[in-house]
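Asks: Below you'll find input.pdb; it's PDB, C-alpha atoms and all ligand atoms.
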ATOM      1  CA  ALA I   1     -28.871  -7.508   4.033
ATOM      2  CA  THR I   2     -30.368  -9.966   6.473
ATOM      3  CA  ALA I   3     -29.001 -13.421   7.039
ATOM      4  CA  CYS I   4     -31.866 -15.798   7.665
ATOM      5  CA  GLY I   5     -31.103 -18.745   9.880
ATOM      6  CA  SER I   6     -27.771 -19.610  11.397
ATOM      7  CA  GLY I   7     -24.726 -19.523   9.220
ATOM      8  CA  ASP I   8     -26.623 -18.351   6.172
ATOM      9  CA  SER I   9     -24.816 -15.321   4.873
ATOM     10  CA  SER I  10     -25.868 -15.584   1.275
ATOM     11  CA  GLY I  11     -26.720 -11.923   0.914
ATOM     12  CA  SER I  12     -29.775  -9.756   1.260
ATOM     13  CA  ASP I  13     -33.262 -10.769   0.294
ATOM     14  CA  ASP I  14     -32.956  -9.482  -3.264
ATOM     15  CA  GLY I  15     -29.554 -11.113  -3.738
ATOM     16  CA  THR I  16     -27.624  -7.859  -3.674
ATOM     17  CA  ILE I  17     -24.359  -8.052  -1.754
ATOM     18  CA  THR I  18     -23.668  -5.240   0.686
ATOM     19  CA  MET I  19     -19.994  -4.638   1.431
ATOM     20  CA  GLY I  20     -18.664  -2.477   4.239
ATOM     21  CA  PHE I  21     -15.249  -1.171   3.220
ATOM     22  CA  SER I  22     -12.899   0.707   5.538
ATOM     23  CA  GLN I  23     -10.185   2.502   3.595
ATOM     24  CA  VAL I  24      -6.886   3.655   5.142
ATOM     25  CA  GLY I  25      -7.258   7.280   4.075
ATOM     26  CA  ALA I  26      -6.361   9.493   1.135
ATOM     27  CA  GLU I  27      -2.651   9.804   1.885
ATOM     28  CA  SER I  28      -1.218   9.112  -1.564
ATOM     29  CA  GLY I  29      -1.808   8.875  -5.301
ATOM     30  CA  TRP I  30      -1.804   5.107  -4.869
ATOM     31  CA  ARG I  31      -4.623   5.332  -2.349
ATOM     32  CA  THR I  32      -6.724   7.573  -4.592
ATOM     33  CA  ALA I  33      -6.373   5.104  -7.475
ATOM     34  CA  ASN I  34      -7.195   2.210  -5.127
ATOM     35  CA  THR I  35     -10.362   3.904  -3.838
ATOM     36  CA  GLU I  36     -11.525   4.687  -7.379
ATOM     37  CA  SER I  37     -10.903   1.112  -8.452
ATOM     38  CA  ILE I  38     -12.948  -0.276  -5.556
ATOM     39  CA  GLN I  39     -15.844   2.148  -6.055
ATOM     40  CA  GLN I  40     -15.982   1.530  -9.787
ATOM     41  CA  ALA I  41     -15.712  -2.249  -9.462
ATOM     42  CA  ALA I  42     -18.511  -2.294  -6.864
ATOM     43  CA  GLU I  43     -20.759  -0.365  -9.194
ATOM     44  CA  GLU I  44     -19.991  -2.653 -12.121
ATOM     45  CA  ALA I  45     -20.536  -5.786 -10.025
ATOM     46  CA  GLY I  46     -23.781  -4.461  -8.559
ATOM     47  CA  VAL I  47     -22.323  -4.583  -5.038
ATOM     48  CA  GLU I  48     -23.764  -2.029  -2.635
ATOM     49  CA  LEU I  49     -20.717  -0.355  -1.115
ATOM     50  CA  GLN I  50     -20.646   1.280   2.310
ATOM     51  CA  PHE I  51     -17.349   3.181   2.135
ATOM     52  CA  SER I  52     -15.504   4.993   4.908
ATOM     53  CA  ASP I  53     -12.166   6.802   5.024
ATOM     54  CA  ALA I  54     -10.217   6.313   8.279
ATOM     55  CA  GLN I  55      -7.771   9.189   7.777
ATOM     56  CA  GLN I  56      -4.856   6.881   8.634
ATOM     57  CA  LYS I  57      -6.244   6.171  12.119
ATOM     58  CA  GLN I  58      -6.824   2.647  13.424
ATOM     59  CA  GLU I  59      -9.496   3.778  15.885
ATOM     60  CA  ASN I  60     -11.554   5.129  12.977
ATOM     61  CA  GLN I  61     -11.280   1.794  11.191
ATOM     62  CA  ILE I  62     -12.381  -0.104  14.295
ATOM     63  CA  ARG I  63     -15.361   2.229  14.632
ATOM     64  CA  ALA I  64     -16.294   1.732  10.964
ATOM     65  CA  ILE I  65     -16.047  -2.057  11.275
ATOM     66  CA  ARG I  66     -18.318  -2.005  14.335
ATOM     67  CA  SER I  67     -20.866   0.047  12.435
ATOM     68  CA  TYR I  68     -20.775  -2.489   9.579
ATOM     69  CA  ILE I  69     -21.560  -5.211  12.137
ATOM     70  CA  GLN I  70     -24.502  -3.107  13.333
ATOM     71  CA  GLN I  71     -25.726  -2.737   9.763
ATOM     72  CA  ASP I  72     -25.347  -6.490   9.253
ATOM     73  CA  VAL I  73     -23.547  -6.147   5.935
ATOM     74  CA  ASP I  74     -22.831  -9.320   3.929
ATOM     75  CA  VAL I  75     -19.076  -8.894   3.854
ATOM     76  CA  ILE I  76     -16.529  -6.574   5.439
ATOM     77  CA  ALA I  77     -13.372  -5.627   3.562
ATOM     78  CA  PHE I  78     -10.662  -3.334   4.822
ATOM     79  CA  SER I  79      -7.104  -2.255   4.313
ATOM     80  CA  PRO I  80      -5.610  -2.239   7.815
ATOM     81  CA  VAL I  81      -3.629   0.947   8.439
ATOM     82  CA  VAL I  82      -1.277  -0.895  10.829
ATOM     83  CA  GLU I  83      -0.547  -4.612  11.253
ATOM     84  CA  THR I  84      -1.341  -5.204  14.924
ATOM     85  CA  GLY I  85      -4.313  -4.711  17.240
ATOM     86  CA  TRP I  86      -7.134  -6.262  15.209
ATOM     87  CA  ASP I  87      -7.989  -9.448  17.073
ATOM     88  CA  ALA I  88     -10.696  -8.036  19.344
ATOM     89  CA  VAL I  89     -12.759  -6.308  16.667
ATOM     90  CA  LEU I  90     -12.320  -9.174  14.193
ATOM     91  CA  LEU I  91     -13.603 -11.607  16.828
ATOM     92  CA  GLU I  92     -16.712  -9.432  17.077
ATOM     93  CA  VAL I  93     -17.113  -9.705  13.298
ATOM     94  CA  GLN I  94     -16.615 -13.454  13.457
ATOM     95  CA  ARG I  95     -19.280 -13.788  16.155
ATOM     96  CA  ALA I  96     -21.655 -11.835  13.917
ATOM     97  CA  ASP I  97     -20.918 -14.410  11.206
ATOM     98  CA  ILE I  98     -19.753 -11.831   8.659
ATOM     99  CA  PRO I  99     -16.844 -12.834   6.386
ATOM    100  CA  VAL I 100     -13.796 -10.547   6.245
ATOM    101  CA  ILE I 101     -11.511  -9.850   3.287
ATOM    102  CA  LEU I 102      -8.212  -8.056   3.860
ATOM    103  CA  THR I 103      -7.200  -5.936   0.889
ATOM    104  CA  ASP I 104      -3.874  -4.291   0.135
ATOM    105  CA  ARG I 105      -2.392  -4.589   3.654
ATOM    106  CA  SER I 106      -2.417  -7.585   5.944
ATOM    107  CA  ILE I 107      -2.590  -7.994   9.708
ATOM    108  CA  ASP I 108      -0.209  -9.557  12.193
ATOM    109  CA  SER I 109      -2.303 -12.066  14.133
ATOM    110  CA  ALA I 110      -1.799 -15.644  15.280
ATOM    111  CA  ASP I 111      -5.426 -16.413  14.381
ATOM    112  CA  ASP I 112      -5.861 -16.690  10.623
ATOM    113  CA  SER I 113      -9.500 -17.743  11.015
ATOM    114  CA  LEU I 114     -10.275 -14.053  11.547
ATOM    115  CA  TYR I 115     -10.344 -13.440   7.787
ATOM    116  CA  GLU I 116     -11.155 -15.414   4.649
ATOM    117  CA  THR I 117      -8.445 -14.139   2.380
ATOM    118  CA  PHE I 118      -5.831 -11.444   1.901
ATOM    119  CA  LEU I 119      -5.663  -9.787  -1.517
ATOM    120  CA  GLY I 120      -2.586  -7.631  -1.979
ATOM    121  CA  SER I 121       1.005  -7.182  -3.065
ATOM    122  CA  ASP I 122       4.136  -8.849  -1.763
ATOM    123  CA  PHE I 123       5.743  -5.839  -0.076
ATOM    124  CA  VAL I 124       8.908  -7.675   0.978
ATOM    125  CA  GLU I 125       9.498  -8.553  -2.674
ATOM    126  CA  GLU I 126       8.986  -4.894  -3.626
ATOM    127  CA  GLY I 127      11.650  -3.878  -1.102
ATOM    128  CA  ARG I 128      13.978  -6.534  -2.480
ATOM    129  CA  LYS I 129      13.518  -5.234  -6.042
ATOM    130  CA  ALA I 130      14.369  -1.696  -4.875
ATOM    131  CA  GLY I 131      17.480  -2.902  -3.067
ATOM    132  CA  GLN I 132      18.551  -5.138  -5.927
ATOM    133  CA  TRP I 133      18.481  -2.237  -8.384
ATOM    134  CA  LEU I 134      20.771  -0.297  -6.073
ATOM    135  CA  VAL I 135      23.119  -3.260  -5.673
ATOM    136  CA  ASP I 136      23.295  -3.560  -9.477
ATOM    137  CA  ASN I 137      23.846   0.165 -10.038
ATOM    138  CA  ALA I 138      25.917   1.281  -7.040
ATOM    139  CA  GLU I 139      29.529   2.322  -7.480
ATOM    140  CA  GLY I 140      31.836   2.555  -4.476
ATOM    141  CA  GLU I 141      30.523   3.829  -1.164
ATOM    142  CA  VAL I 142      26.832   4.694  -1.227
ATOM    143  CA  ASN I 143      25.012   6.489   1.600
ATOM    144  CA  VAL I 144      21.267   5.895   1.612
ATOM    145  CA  VAL I 145      18.549   7.735   3.505
ATOM    146  CA  GLU I 146      15.243   5.945   3.875
ATOM    147  CA  LEU I 147      11.783   7.528   3.968
ATOM    148  CA  GLN I 148       9.596   4.961   5.646
ATOM    149  CA  GLY I 149       5.863   4.587   5.240
ATOM    150  CA  THR I 150       3.399   4.869   8.111
ATOM    151  CA  THR I 151       4.864   3.409  11.306
ATOM    152  CA  GLY I 152       3.501  -0.073  11.943
ATOM    153  CA  ALA I 153       1.982  -0.439   8.451
ATOM    154  CA  ALA I 154       2.679  -3.689   6.600
ATOM    155  CA  PRO I 155       4.178  -1.977   3.517
ATOM    156  CA  ALA I 156       6.536   0.101   5.706
ATOM    157  CA  ILE I 157       7.733  -2.904   7.719
ATOM    158  CA  ASP I 158       8.062  -5.178   4.687
ATOM    159  CA  ARG I 159       9.621  -2.720   2.226
ATOM    160  CA  LYS I 160      12.285  -1.932   4.822
ATOM    161  CA  GLU I 161      12.937  -5.613   5.418
ATOM    162  CA  GLY I 162      13.153  -6.559   1.718
ATOM    163  CA  PHE I 163      15.507  -3.666   0.950
ATOM    164  CA  GLU I 164      17.820  -4.524   3.859
ATOM    165  CA  GLU I 165      17.876  -8.135   2.744
ATOM    166  CA  ALA I 166      18.881  -7.168  -0.809
ATOM    167  CA  ILE I 167      21.729  -4.852   0.235
ATOM    168  CA  ALA I 168      22.985  -7.110   3.056
ATOM    169  CA  GLY I 169      25.817  -8.541   0.943
ATOM    170  CA  SER I 170      27.029  -5.097  -0.204
ATOM    171  CA  PRO I 171      29.123  -3.502   2.549
ATOM    172  CA  GLY I 172      29.575  -0.332   0.450
ATOM    173  CA  ILE I 173      25.865   0.463   0.683
ATOM    174  CA  GLU I 174      24.876   1.925   4.022
ATOM    175  CA  VAL I 175      21.541   3.277   5.285
ATOM    176  CA  ILE I 176      22.725   6.317   7.262
ATOM    177  CA  ALA I 177      19.290   7.604   8.326
ATOM    178  CA  THR I 178      15.735   6.281   8.323
ATOM    179  CA  GLN I 179      12.504   7.902   9.435
ATOM    180  CA  THR I 180       8.790   7.811   8.686
ATOM    181  CA  GLY I 181       7.251  10.282   6.249
ATOM    182  CA  ASP I 182       3.803   8.716   6.734
ATOM    183  CA  PHE I 183       3.406   7.907   3.008
ATOM    184  CA  THR I 184       2.585  11.577   2.245
ATOM    185  CA  ARG I 185       4.296  14.102   0.006
ATOM    186  CA  SER I 186       4.497  16.697   2.797
ATOM    187  CA  GLY I 187       5.899  14.092   5.193
ATOM    188  CA  GLY I 188       8.560  13.081   2.672
ATOM    189  CA  LYS I 189       9.515  16.690   2.093
ATOM    190  CA  GLU I 190       9.823  17.528   5.787
ATOM    191  CA  VAL I 191      11.886  14.478   6.673
ATOM    192  CA  MET I 192      14.147  14.984   3.642
ATOM    193  CA  GLU I 193      14.740  18.596   4.660
ATOM    194  CA  ALA I 194      15.855  17.388   8.084
ATOM    195  CA  PHE I 195      18.088  14.705   6.530
ATOM    196  CA  LEU I 196      19.718  17.308   4.288
ATOM    197  CA  ARG I 197      20.381  19.547   7.277
ATOM    198  CA  SER I 198      22.112  16.806   9.272
ATOM    199  CA  HIS I 199      23.934  14.959   6.454
ATOM    200  CA  ASP I 200      26.023  16.402   3.620
ATOM    201  CA  ASP I 201      26.916  13.028   2.146
ATOM    202  CA  ILE I 202      23.586  11.617   0.924
ATOM    203  CA  ASP I 203      23.845   9.668  -2.345
ATOM    204  CA  VAL I 204      20.493   7.893  -2.542
ATOM    205  CA  VAL I 205      16.942   8.267  -1.214
ATOM    206  CA  TYR I 206      14.903   5.098  -0.810
ATOM    207  CA  ALA I 207      11.278   6.198  -0.359
ATOM    208  CA  HIS I 208       8.613   3.613   0.455
ATOM    209  CA  ASN I 209       6.225   5.344  -1.960
ATOM    210  CA  ASP I 210       6.185   7.809  -4.863
ATOM    211  CA  ASP I 211       4.519  10.580  -2.878
ATOM    212  CA  MET I 212       7.332  10.754  -0.325
ATOM    213  CA  GLY I 213       9.848  10.597  -3.173
ATOM    214  CA  LEU I 214       8.096  13.557  -4.818
ATOM    215  CA  GLY I 215       8.306  15.450  -1.519
ATOM    216  CA  ALA I 216      12.014  14.602  -1.321
ATOM    217  CA  ILE I 217      12.507  16.030  -4.839
ATOM    218  CA  GLU I 218      11.187  19.396  -3.586
ATOM    219  CA  ALA I 219      13.515  19.324  -0.571
ATOM    220  CA  ILE I 220      16.540  18.401  -2.702
ATOM    221  CA  ARG I 221      15.793  21.219  -5.180
ATOM    222  CA  ALA I 222      15.360  23.704  -2.326
ATOM    223  CA  ALA I 223      18.808  22.673  -1.056
ATOM    224  CA  GLY I 224      20.280  23.604  -4.457
ATOM    225  CA  LEU I 225      20.852  20.019  -5.602
ATOM    226  CA  GLU I 226      19.637  18.084  -8.659
ATOM    227  CA  PRO I 227      17.253  15.226  -7.845
ATOM    228  CA  GLY I 228      18.098  12.129  -9.896
ATOM    229  CA  GLU I 229      21.661  13.410 -10.448
ATOM    230  CA  ASP I 230      23.292  14.657  -7.246
ATOM    231  CA  ILE I 231      21.011  12.465  -5.198
ATOM    232  CA  GLN I 232      19.414   9.399  -6.773
ATOM    233  CA  ILE I 233      15.874   8.401  -5.833
ATOM    234  CA  ILE I 234      14.263   4.967  -5.664
ATOM    235  CA  THR I 235      10.543   4.704  -4.910
ATOM    236  CA  VAL I 236       7.646   2.229  -4.870
ATOM    237  CA  ASP I 237       4.143   2.489  -6.469
ATOM    238  CA  ALA I 238       4.533   3.788 -10.057
ATOM    239  CA  VAL I 239       1.540   6.157  -9.926
ATOM    240  CA  GLU I 240       1.295   8.706 -12.713
ATOM    241  CA  ALA I 241       3.096  11.575 -10.945
ATOM    242  CA  GLY I 242       5.902   9.211  -9.970
ATOM    243  CA  MET I 243       6.230   7.828 -13.494
ATOM    244  CA  GLU I 244       6.373  11.364 -14.896
ATOM    245  CA  ALA I 245       9.176  12.283 -12.499
ATOM    246  CA  LEU I 246      10.947   9.071 -13.470
ATOM    247  CA  ALA I 247      10.635   9.820 -17.184
ATOM    248  CA  ALA I 248      11.868  13.376 -16.490
ATOM    249  CA  GLY I 249      15.013  12.024 -14.795
ATOM    250  CA  GLU I 250      14.193  13.214 -11.269
ATOM    251  CA  ILE I 251      13.559   9.702  -9.968
ATOM    252  CA  ASN I 252      15.899   6.863 -10.971
ATOM    253  CA  PHE I 253      13.935   3.663 -10.386
ATOM    254  CA  ILE I 254      10.381   2.718  -9.406
ATOM    255  CA  VAL I 255       9.074  -0.606  -8.180
ATOM    256  CA  GLU I 256       5.458  -1.045  -9.213
ATOM    257  CA  CYS I 257       2.677  -1.631  -6.682
ATOM    258  CA  ASN I 258      -0.653  -2.093  -8.393
ATOM    259  CA  PRO I 259      -3.615  -0.331  -6.692
ATOM    260  CA  LEU I 260      -6.274  -1.649  -9.097
ATOM    261  CA  LEU I 261      -7.622  -4.316  -6.768
ATOM    262  CA  GLY I 262     -11.336  -3.539  -7.202
ATOM    263  CA  ASP I 263     -12.385  -6.256  -9.650
ATOM    264  CA  GLN I 264     -10.552  -9.015  -7.798
ATOM    265  CA  LEU I 265     -12.014  -7.804  -4.515
ATOM    266  CA  MET I 266     -15.588  -7.955  -5.830
ATOM    267  CA  GLU I 267     -15.010 -11.447  -7.244
ATOM    268  CA  LEU I 268     -13.667 -12.680  -3.923
ATOM    269  CA  ALA I 269     -16.595 -11.026  -2.124
ATOM    270  CA  GLU I 270     -19.113 -12.841  -4.307
ATOM    271  CA  GLN I 271     -17.335 -16.121  -3.653
ATOM    272  CA  VAL I 272     -17.065 -15.803   0.125
ATOM    273  CA  VAL I 273     -20.661 -14.598   0.456
ATOM    274  CA  ALA I 274     -21.736 -17.656  -1.562
ATOM    275  CA  GLY I 275     -19.785 -19.802   0.893
ATOM    276  CA  GLU I 276     -17.197 -20.905  -1.667
ATOM    277  CA  GLU I 277     -13.605 -21.757  -0.788
ATOM    278  CA  VAL I 278     -11.143 -19.039  -1.750
ATOM    279  CA  PRO I 279      -7.344 -19.086  -1.525
ATOM    280  CA  LYS I 280      -6.117 -17.635   1.766
ATOM    281  CA  ARG I 281      -3.653 -15.412  -0.114
ATOM    282  CA  VAL I 282      -4.057 -13.710  -3.510
ATOM    283  CA  VAL I 283      -0.899 -11.925  -4.701
ATOM    284  CA  VAL I 284      -1.023  -9.044  -7.176
ATOM    285  CA  GLU I 285       1.409  -9.210 -10.109
ATOM    286  CA  GLU I 286       3.845  -6.338 -10.554
ATOM    287  CA  THR I 287       6.923  -5.131 -12.398
ATOM    288  CA  THR I 288       9.604  -2.387 -12.138
ATOM    289  CA  PHE I 289      10.517   0.673 -14.277
ATOM    290  CA  THR I 290      13.734   2.404 -15.302
ATOM    291  CA  GLN I 291      13.666   5.960 -16.733
ATOM    292  CA  GLU I 292      13.497   4.700 -20.345
ATOM    293  CA  GLU I 293      10.829   2.146 -19.493
ATOM    294  CA  ALA I 294       8.745   4.824 -17.760
ATOM    295  CA  GLU I 295       8.722   6.948 -20.885
ATOM    296  CA  ALA I 296       7.534   4.018 -22.967
ATOM    297  CA  ALA I 297       4.913   2.871 -20.469
ATOM    298  CA  LEU I 298       3.378   6.248 -19.536
ATOM    299  CA  PRO I 299       0.841   6.570 -22.399
ATOM    300  CA  ASP I 300      -0.870   3.282 -21.458
ATOM    301  CA  ARG I 301      -0.848   3.595 -17.683
ATOM    302  CA  GLN I 302      -4.232   3.573 -15.952
ATOM    303  CA  TYR I 303      -3.133   5.232 -12.698
TER     304      TYR I 303
HETATM  305  O1  LIG S   1       2.370   1.991  -1.481
HETATM  306  C1  LIG S   1       1.321   3.880  -0.482
HETATM  307  C2  LIG S   1       0.046   3.992   0.241
HETATM  308  O2  LIG S   1      -0.617   0.073   1.225
HETATM  309  C3  LIG S   1       0.453  -0.463  -0.813
HETATM  310  O3  LIG S   1      -0.097   2.754   0.905
HETATM  311  C4  LIG S   1      -0.193   0.585  -0.004
HETATM  312  C5  LIG S   1       0.675   1.791   0.250
HETATM  313  C6  LIG S   1       1.179   2.501  -0.991
HETATM  314  O4  LIG S   1      -0.086   5.084   1.008
HETATM  315  O5  LIG S   1       1.443   4.858  -1.465
END
What is this file in structure tokens?

Replies:
Amino acid sequence: ATACGSGDSSGSDDGTITMGFSQVGAESGWRTANTESIQQAAEEAGVELQFSDAQQKQENQIRAIRSYIQQDVDVIAFSPVVETGWDAVLLEVQRADIPVILTDRSIDSADDSLYETFLGSDFVEEGRKAGQWLVDNAEGEVNVVELQGTTGAAPAIDRKEGFEEAIAGSPGIEVIATQTGDFTRSGGKEVMEAFLRSHDDIDVVYAHNDDMGLGAIEAIRAAGLEPGEDIQIITVDAVEAGMEALAAGEINFIVECNPLLGDQLMELAEQVVAGEEVPKRVVVEETTFTQEEAEAALPDRQY
């Protein structure tokens, strides 16, 4: 993909768009579905995809982005593992005149000229939905432990914030412990084991994703307790394994976070490469599921 002349980034000579995409990692079922969606959508749209997996490390993403500048791709898209620390590398991209699309997670920067658009969910709203369900279903004093996502990641920061906002008016609901489980099943299990060792009065787990909730289920079982009964579990994502646990009564409520962003990403890429105006923010539409709703929805779920 060579841009001929200044400011002309209308794709390679044969019109094919080359996209450099830096993915967070493969930490969760959500991420796997997201990667598949992007790869499949690229193929269908005829976009040549340079894909790299950062294994949840910002330095790997920065390295990948620099290599996409070297390759002079037409557009760079990435899902930033953490919110801060992107200005320097994104200035390099800007100087190379390559448009940037943020997908899934956003960045925390004062300079919004560093990217064209951000396509992703409203994580604060997801946290609010989780908290609101608890407010509506809580009886008496409720002790919550929180399994946070990756430290510094937008969905971890925002899901915490939205949840706290929703429970703020309910003095009976108290978060008695909170710690990161890095969005992985093993992380969720380990942290839940530690919580169970130091607290004998846990009523509810709020996990920032299904995978950590599934890890918590294992820890709760191992402690001789019934997940979903003795300790209730609220998660975010609604990936297949989470929905199955919900339908089986082990999880009590899931807030959906849709990973199927591929088609919208390719559309936005075509538009920004063609120099068209795109909205600065594209929000993904989502719902929530109770145990009964999970059972009904499972047969038609795509992830
Ligand atoms: O909820 C979690 C994944 O950024 C929305 O990352 C995504 C989150 C998702 O690891 O499962």

Asks: Return as number ranges by chain the set of residues that the PyMOL selection byres (((chain I and resi 257) around 12) and not hetatm) yields on the displayed structure.

Replies: I: 29-31, 33-34, 104-105, 120-127, 129-130, 155, 159, 208-210, 235-239, 242, 254-256, 258-261, 283-289, 303

Asks: Go ahead and compute the interatomic distance for CA of Gln40 (chain I) and CA of Val272 (chain I), in Å to one decimal.

Replies: 20.0 Å

Asks: Which of these residues is nearest to ligand LIG 1 (chain S), using only C-alpha atoms and all ligand atoms: I:Leu49, I:Val175, I:Ile157, I:Ile231?

Replies: I:Ile157

Asks: I need the output of the PyMOL selection byres (((chain I and resi 279) around 10) and not hetatm) for this file as a PyMOL selection string; which residues are they?

Replies: chain I and resi 116-119+268+277-278+280-282

Asks: Can you spell out as a count of residues only the set of residues that the PyMOL selection byres (((chain I and resi 78-93) around 6) and not hetatm) selects in the structure I just provided?

Replies: 19

Asks: Can I get region 178-192 of chain I with N, CA and C atoms filled in, as a PDB file, in the coordinates of the input?

Replies:
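File written: out-v2.pdb
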ATOM      1  N   THR I 178      17.038   6.817   8.721  1.00  0.00           N
ATOM      2  CA  THR I 178      15.735   6.281   8.323  1.00  0.00           C
ATOM      3  C   THR I 178      14.659   6.840   9.243  1.00  0.00           C
ATOM      4  N   GLN I 179      13.572   7.282   8.638  1.00  0.00           N
ATOM      5  CA  GLN I 179      12.504   7.902   9.435  1.00  0.00           C
ATOM      6  C   GLN I 179      11.192   7.834   8.666  1.00  0.00           C
ATOM      7  N   THR I 180      10.073   7.876   9.375  1.00  0.00           N
ATOM      8  CA  THR I 180       8.790   7.811   8.686  1.00  0.00           C
ATOM      9  C   THR I 180       8.398   9.167   8.086  1.00  0.00           C
ATOM     10  N   GLY I 181       7.844   9.109   6.891  1.00  0.00           N
ATOM     11  CA  GLY I 181       7.251  10.282   6.249  1.00  0.00           C
ATOM     12  C   GLY I 181       5.766  10.039   6.026  1.00  0.00           C
ATOM     13  N   ASP I 182       5.246   8.983   6.681  1.00  0.00           N
ATOM     14  CA  ASP I 182       3.803   8.716   6.734  1.00  0.00           C
ATOM     15  C   ASP I 182       3.148   8.497   5.365  1.00  0.00           C
ATOM     16  N   PHE I 183       3.926   8.172   4.364  1.00  0.00           N
ATOM     17  CA  PHE I 183       3.406   7.907   3.008  1.00  0.00           C
ATOM     18  C   PHE I 183       2.843   9.158   2.320  1.00  0.00           C
ATOM     19  N   THR I 184       3.115  10.361   2.880  1.00  0.00           N
ATOM     20  CA  THR I 184       2.585  11.577   2.245  1.00  0.00           C
ATOM     21  C   THR I 184       3.708  12.400   1.620  1.00  0.00           C
ATOM     22  N   ARG I 185       3.339  13.237   0.676  1.00  0.00           N
ATOM     23  CA  ARG I 185       4.296  14.102   0.006  1.00  0.00           C
ATOM     24  C   ARG I 185       4.886  15.107   1.005  1.00  0.00           C
ATOM     25  N   SER I 186       4.012  15.711   1.831  1.00  0.00           N
ATOM     26  CA  SER I 186       4.497  16.697   2.797  1.00  0.00           C
ATOM     27  C   SER I 186       5.404  16.039   3.831  1.00  0.00           C
ATOM     28  N   GLY I 187       5.056  14.821   4.240  1.00  0.00           N
ATOM     29  CA  GLY I 187       5.899  14.092   5.193  1.00  0.00           C
ATOM     30  C   GLY I 187       7.266  13.808   4.596  1.00  0.00           C
ATOM     31  N   GLY I 188       7.297  13.371   3.342  1.00  0.00           N
ATOM     32  CA  GLY I 188       8.560  13.081   2.672  1.00  0.00           C
ATOM     33  C   GLY I 188       9.427  14.316   2.546  1.00  0.00           C
ATOM     34  N   LYS I 189       8.781  15.431   2.254  1.00  0.00           N
ATOM     35  CA  LYS I 189       9.515  16.690   2.093  1.00  0.00           C
ATOM     36  C   LYS I 189      10.152  17.124   3.418  1.00  0.00           C
ATOM     37  N   GLU I 190       9.335  17.110   4.464  1.00  0.00           N
ATOM     38  CA  GLU I 190       9.823  17.528   5.787  1.00  0.00           C
ATOM     39  C   GLU I 190      10.988  16.679   6.270  1.00  0.00           C
ATOM     40  N   VAL I 191      10.836  15.375   6.179  1.00  0.00           N
ATOM     41  CA  VAL I 191      11.886  14.478   6.673  1.00  0.00           C
ATOM     42  C   VAL I 191      13.143  14.638   5.826  1.00  0.00           C
ATOM     43  N   MET I 192      12.969  14.808   4.514  1.00  0.00           N
ATOM     44  CA  MET I 192      14.147  14.984   3.642  1.00  0.00           C
ATOM     45  C   MET I 192      14.867  16.287   3.963  1.00  0.00           C
TER      46      MET I 192
END
